[in-house]
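Enquirer: First the structure, which I've put down as structure tokens, then a few questions once you've had a look.
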Amino acid sequence: MSSVRTQLVAGNWKMHGSLAVNQTLLQDVLAGLAGCKAAVAVCVPFPYLAQAQTVLAGTPVAWGAQTVSEYAQGAYTGEVAAAMLADFGCRYVLVGHSERRALYGESDAAVAAKFMAAQQAGLIPILCVGETLAEREAAITGEVVTRQLEAVIDAAGVQALARAVVAYEPVWAIGTGKTATPQQAQAVHALIRGRVAAADAAVAEKLQLLYGGSVKPGNAAELFAMPDIDGGLIGGAALVAADFLAICAAAS
Ligand code: PEP
């Protein structure tokens with residue numbers, strides 16, 4: 001937690017929800033947020049963006065999507081352009097979530113292109129980076145995360161990070177119940193901030209770096225207390241209002 005940067009807690013609903021379930025979840029979150037000093041957002045499946053806009057417009061909770069096309073428009077059946085997300089009032093969009101990289105083959109170059117497409121439409125990309133268990137065991141975490149980050153810096157320029165968020169999500173901790181220790185997470189966050197600082201110290205100082213990977217009410221406070229952790233990207237616990245609210249409280 002830093003005095004320079006606002007904390008951000010972003011929920012990633014993944015492919016969960018229904019109109020009825022979302023309505024209750026969003027209303028419960030709004031009802032419990034009073035006094036929260038952290039910025040809060042939810043990244044919802046595409047069909048529920050209209051609902052998020054209707055329920056959340058004018059509230060402290062921002063909304064966004066979970067991926068975006070790298071293309072502006074055209075013959076890309078099934079894809080959703082960044083301008084379309086902007087039409088639905090999105091503030092954020094996740095790019096390069098490990099599930100997109102692993103299950104849909106998104107390369108570093110494709111993630112960088114999505115990052116730039118999001119910014120071009122005025123959205124704030126939340127760039128997800130992180131190593132697999134095999135990569136951690138091979139002691140190449142730093143190498144992997146730096147490669148993922150540099151793909152974006154090389155394509156978009158370091159200044160682009162002034163209008164972005166980076167989420168460190170060790171793949172082995174996502175949805176597994178295994179969390180990086182605060183020290184493990186802090187070490188990678190410090191490495192990311194250091195890499196950005198080498199290119200531009202002012203951008204690095206202001207960059208919000210979220211931790212994601214089995215963040216729960218019971219471990220959020222100790223993670224968020226680390227100097228380079230500026231909040232969380234929350235999967236499973238974002239689907240339970242009481243848990244999400246407890247995590248938001250830990251960030252404020
Ligand atoms: C995620 O989906 O980005 C995530 C971090 O999930 P979980 O909190 O369930 O590990």
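Identifiers in this document derive from the order of the structure tokens: chains are assigned A, B, ..., residues are numbered from 1 separately in each chain, and ligands are numbered from 1 in order of occurrence.
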Counting only C-alpha atoms and all ligand atoms, which residues of chain A fall within 9 Å of ligand 1, and what is the closest atom pair for each with its distance in Å at one decimal, ordered by chain and rising number, as JSON lines?

Expert:
{"residue": "A:Gly11", "atom": "CA", "partner": "ligand 1", "partner_atom_place_in_ligand_line": "3 (O)", "distance": 7.9}
{"residue": "A:Asn12", "atom": "CA", "partner": "ligand 1", "partner_atom_place_in_ligand_line": "2 (O)", "distance": 5.4}
{"residue": "A:Trp13", "atom": "CA", "partner": "ligand 1", "partner_atom_place_in_ligand_line": "2 (O)", "distance": 7.2}
{"residue": "A:Lys14", "atom": "CA", "partner": "ligand 1", "partner_atom_place_in_ligand_line": "2 (O)", "distance": 6.4}
{"residue": "A:His97", "atom": "CA", "partner": "ligand 1", "partner_atom_place_in_ligand_line": "3 (O)", "distance": 6.8}
{"residue": "A:Ser98", "atom": "CA", "partner": "ligand 1", "partner_atom_place_in_ligand_line": "3 (O)", "distance": 7.9}
{"residue": "A:Glu99", "atom": "CA", "partner": "ligand 1", "partner_atom_place_in_ligand_line": "2 (O)", "distance": 8.2}
{"residue": "A:Cys128", "atom": "CA", "partner": "ligand 1", "partner_atom_place_in_ligand_line": "3 (O)", "distance": 8.2}
{"residue": "A:Ala167", "atom": "CA", "partner": "ligand 1", "partner_atom_place_in_ligand_line": "3 (O)", "distance": 8.6}
{"residue": "A:Glu169", "atom": "CA", "partner": "ligand 1", "partner_atom_place_in_ligand_line": "5 (C)", "distance": 6.3}
{"residue": "A:Pro170", "atom": "CA", "partner": "ligand 1", "partner_atom_place_in_ligand_line": "5 (C)", "distance": 8.5}
{"residue": "A:Val171", "atom": "CA", "partner": "ligand 1", "partner_atom_place_in_ligand_line": "5 (C)", "distance": 8.5}
{"residue": "A:Trp172", "atom": "CA", "partner": "ligand 1", "partner_atom_place_in_ligand_line": "10 (O)", "distance": 8.8}
{"residue": "A:Ala173", "atom": "CA", "partner": "ligand 1", "partner_atom_place_in_ligand_line": "10 (O)", "distance": 5.9}
{"residue": "A:Ile174", "atom": "CA", "partner": "ligand 1", "partner_atom_place_in_ligand_line": "10 (O)", "distance": 3.3}
{"residue": "A:Gly175", "atom": "CA", "partner": "ligand 1", "partner_atom_place_in_ligand_line": "10 (O)", "distance": 3.6}
{"residue": "A:Thr176", "atom": "CA", "partner": "ligand 1", "partner_atom_place_in_ligand_line": "10 (O)", "distance": 6.3}
{"residue": "A:Gly177", "atom": "CA", "partner": "ligand 1", "partner_atom_place_in_ligand_line": "10 (O)", "distance": 6.8}
{"residue": "A:Lys178", "atom": "CA", "partner": "ligand 1", "partner_atom_place_in_ligand_line": "10 (O)", "distance": 8.1}
{"residue": "A:Thr179", "atom": "CA", "partner": "ligand 1", "partner_atom_place_in_ligand_line": "10 (O)", "distance": 8.0}
{"residue": "A:Tyr211", "atom": "CA", "partner": "ligand 1", "partner_atom_place_in_ligand_line": "5 (C)", "distance": 7.9}
{"residue": "A:Gly212", "atom": "CA", "partner": "ligand 1", "partner_atom_place_in_ligand_line": "5 (C)", "distance": 4.1}
{"residue": "A:Gly213", "atom": "CA", "partner": "ligand 1", "partner_atom_place_in_ligand_line": "10 (O)", "distance": 3.7}
{"residue": "A:Ser214", "atom": "CA", "partner": "ligand 1", "partner_atom_place_in_ligand_line": "10 (O)", "distance": 3.5}
{"residue": "A:Val215", "atom": "CA", "partner": "ligand 1", "partner_atom_place_in_ligand_line": "8 (O)", "distance": 5.2}
{"residue": "A:Lys216", "atom": "CA", "partner": "ligand 1", "partner_atom_place_in_ligand_line": "8 (O)", "distance": 7.4}
{"residue": "A:Gly232", "atom": "CA", "partner": "ligand 1", "partner_atom_place_in_ligand_line": "5 (C)", "distance": 8.1}
{"residue": "A:Leu233", "atom": "CA", "partner": "ligand 1", "partner_atom_place_in_ligand_line": "5 (C)", "distance": 5.5}
{"residue": "A:Ile234", "atom": "CA", "partner": "ligand 1", "partner_atom_place_in_ligand_line": "8 (O)", "distance": 4.2}
{"residue": "A:Gly235", "atom": "CA", "partner": "ligand 1", "partner_atom_place_in_ligand_line": "6 (O)", "distance": 3.3}
{"residue": "A:Gly236", "atom": "CA", "partner": "ligand 1", "partner_atom_place_in_ligand_line": "9 (O)", "distance": 3.7}
{"residue": "A:Ala237", "atom": "CA", "partner": "ligand 1", "partner_atom_place_in_ligand_line": "8 (O)", "distance": 6.1}
{"residue": "A:Ala238", "atom": "CA", "partner": "ligand 1", "partner_atom_place_in_ligand_line": "8 (O)", "distance": 7.6}

Enquirer: Would you save the residues of that selection, restricted to C-alpha atoms, as a PDB file, in the first residue's frame?

Expert:
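File written: selection.pdb
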ATOM      1  CA  GLY A  11     -13.539  -8.162  -9.813  1.00  0.00           C
ATOM      2  CA  ASN A  12     -13.187 -10.616 -12.697  1.00  0.00           C
ATOM      3  CA  TRP A  13     -16.452 -12.500 -12.947  1.00  0.00           C
ATOM      4  CA  LYS A  14     -15.065 -14.776 -15.681  1.00  0.00           C
ATOM      5  CA  HIS A  97      -5.477 -12.763 -18.638  1.00  0.00           C
ATOM      6  CA  SER A  98      -3.661 -16.087 -18.242  1.00  0.00           C
ATOM      7  CA  GLU A  99      -6.814 -17.979 -19.250  1.00  0.00           C
ATOM      8  CA  CYS A 128      -2.273  -9.311 -16.743  1.00  0.00           C
ATOM      9  CA  ALA A 167      -1.981  -7.075 -12.614  1.00  0.00           C
ATOM     10  CA  GLU A 169      -1.282 -12.992 -11.472  1.00  0.00           C
ATOM     11  CA  PRO A 170       0.837 -16.089 -10.892  1.00  0.00           C
ATOM     12  CA  VAL A 171      -0.994 -18.708 -12.957  1.00  0.00           C
ATOM     13  CA  TRP A 172      -0.493 -21.347 -10.245  1.00  0.00           C
ATOM     14  CA  ALA A 173      -2.459 -19.183  -7.792  1.00  0.00           C
ATOM     15  CA  ILE A 174      -5.501 -18.440  -9.967  1.00  0.00           C
ATOM     16  CA  GLY A 175      -8.578 -20.301  -8.818  1.00  0.00           C
ATOM     17  CA  THR A 176      -6.443 -22.858  -6.991  1.00  0.00           C
ATOM     18  CA  GLY A 177      -6.700 -21.589  -3.445  1.00  0.00           C
ATOM     19  CA  LYS A 178      -2.894 -21.209  -3.433  1.00  0.00           C
ATOM     20  CA  THR A 179      -1.877 -17.608  -2.895  1.00  0.00           C
ATOM     21  CA  TYR A 211      -2.050  -8.732  -7.270  1.00  0.00           C
ATOM     22  CA  GLY A 212      -4.395 -11.521  -8.376  1.00  0.00           C
ATOM     23  CA  GLY A 213      -4.525 -15.186  -7.432  1.00  0.00           C
ATOM     24  CA  SER A 214      -6.873 -16.569  -4.778  1.00  0.00           C
ATOM     25  CA  VAL A 215      -7.224 -13.270  -2.921  1.00  0.00           C
ATOM     26  CA  LYS A 216      -9.769 -13.808  -0.145  1.00  0.00           C
ATOM     27  CA  GLY A 232      -6.210  -6.772  -6.291  1.00  0.00           C
ATOM     28  CA  LEU A 233      -7.735  -8.508  -9.276  1.00  0.00           C
ATOM     29  CA  ILE A 234     -10.276 -10.820  -7.725  1.00  0.00           C
ATOM     30  CA  GLY A 235     -11.837 -13.878  -9.365  1.00  0.00           C
ATOM     31  CA  GLY A 236     -13.833 -16.313  -7.246  1.00  0.00           C
ATOM     32  CA  ALA A 237     -14.283 -13.998  -4.287  1.00  0.00           C
ATOM     33  CA  ALA A 238     -15.785 -11.311  -6.565  1.00  0.00           C
TER      34      ALA A 238
END

Enquirer: Give me every helix (DSSP H, G or I) residue in stretch 111-222 of chain A, going by DSSP on the backbone, as a PyMOL selection string.

Expert: chain A and resi 111-120+133-137+141-156+158-163+171-173+182-199+201-206+220-222

Enquirer: Within 8 Å of A:Ala151, counting only C-alpha atoms, which residues show up once you throw out same-chain ones fewer than 5 positions away? Write them as a PDB file with all heavy atoms, in the first residue's frame, please.

Expert:
ATOM      1  N   ASP A 108       2.109 -12.714 -26.728  1.00  0.00           N
ATOM      2  CA  ASP A 108       2.512 -11.411 -26.183  1.00  0.00           C
ATOM      3  C   ASP A 108       2.191 -10.299 -27.192  1.00  0.00           C
ATOM      4  O   ASP A 108       1.747  -9.215 -26.815  1.00  0.00           O
ATOM      5  CB  ASP A 108       4.009 -11.391 -25.887  1.00  0.00           C
ATOM      6  CG  ASP A 108       4.377 -12.282 -24.707  1.00  0.00           C
ATOM      7  OD1 ASP A 108       3.497 -12.586 -23.874  1.00  0.00           O
ATOM      8  OD2 ASP A 108       5.557 -12.676 -24.621  1.00  0.00           O
ATOM      9  N   ALA A 109       2.420 -10.581 -28.473  1.00  0.00           N
ATOM     10  CA  ALA A 109       2.182  -9.560 -29.505  1.00  0.00           C
ATOM     11  C   ALA A 109       0.690  -9.247 -29.617  1.00  0.00           C
ATOM     12  O   ALA A 109       0.296  -8.076 -29.740  1.00  0.00           O
ATOM     13  CB  ALA A 109       2.726 -10.040 -30.841  1.00  0.00           C
ATOM     14  N   ALA A 112      -0.347  -7.158 -26.667  1.00  0.00           N
ATOM     15  CA  ALA A 112       0.096  -5.765 -26.843  1.00  0.00           C
ATOM     16  C   ALA A 112      -0.841  -5.027 -27.801  1.00  0.00           C
ATOM     17  O   ALA A 112      -1.189  -3.858 -27.577  1.00  0.00           O
ATOM     18  CB  ALA A 112       1.529  -5.725 -27.353  1.00  0.00           C
TER      19      ALA A 112
END

Enquirer: For A:Ile140, which residue among A:Ala241, A:Ala250, A:Val188, A:Ala155 is the nearest when counting only C-alpha atoms?

Expert: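 Distance minimum relative to A:Ile140 lands on A:Val188.
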
Enquirer: Go through stretch 156-208 of chain A and collect every residue that DSSP, computed from the backbone, puts in strand (DSSP E or B); the answer should be as a PyMOL selection string.

Expert: chain A and resi 165-168+208

Enquirer: Selected residues, C-alpha atoms, written as a CSV table (one decimal), in the first residue's frame, please.

Expert:
chain,number,residue,atom,x,y,z
A,165,VAL,CA,-3.0,-0.9,-14.8
A,166,VAL,CA,-0.8,-4.0,-14.5
A,167,ALA,CA,-2.0,-7.1,-12.6
A,168,TYR,CA,0.5,-9.7,-11.5
A,208,GLN,CA,-1.2,0.8,-10.1

Enquirer: Any idea what the distance is between atom CA of A:Pro227 and atom CA of A:Ser2?

Expert: 5.7 Å

Enquirer: Got a sec: who's within 9 Å of A:Leu30, counting only C-alpha atoms, leaving out chain neighbours fewer than 5 positions off, as a list in words?

Expert: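 Neighbouring residues, sequence-local ones excluded: Leu25, Leu56, Thr59, Pro60 and Val61 of chain A.
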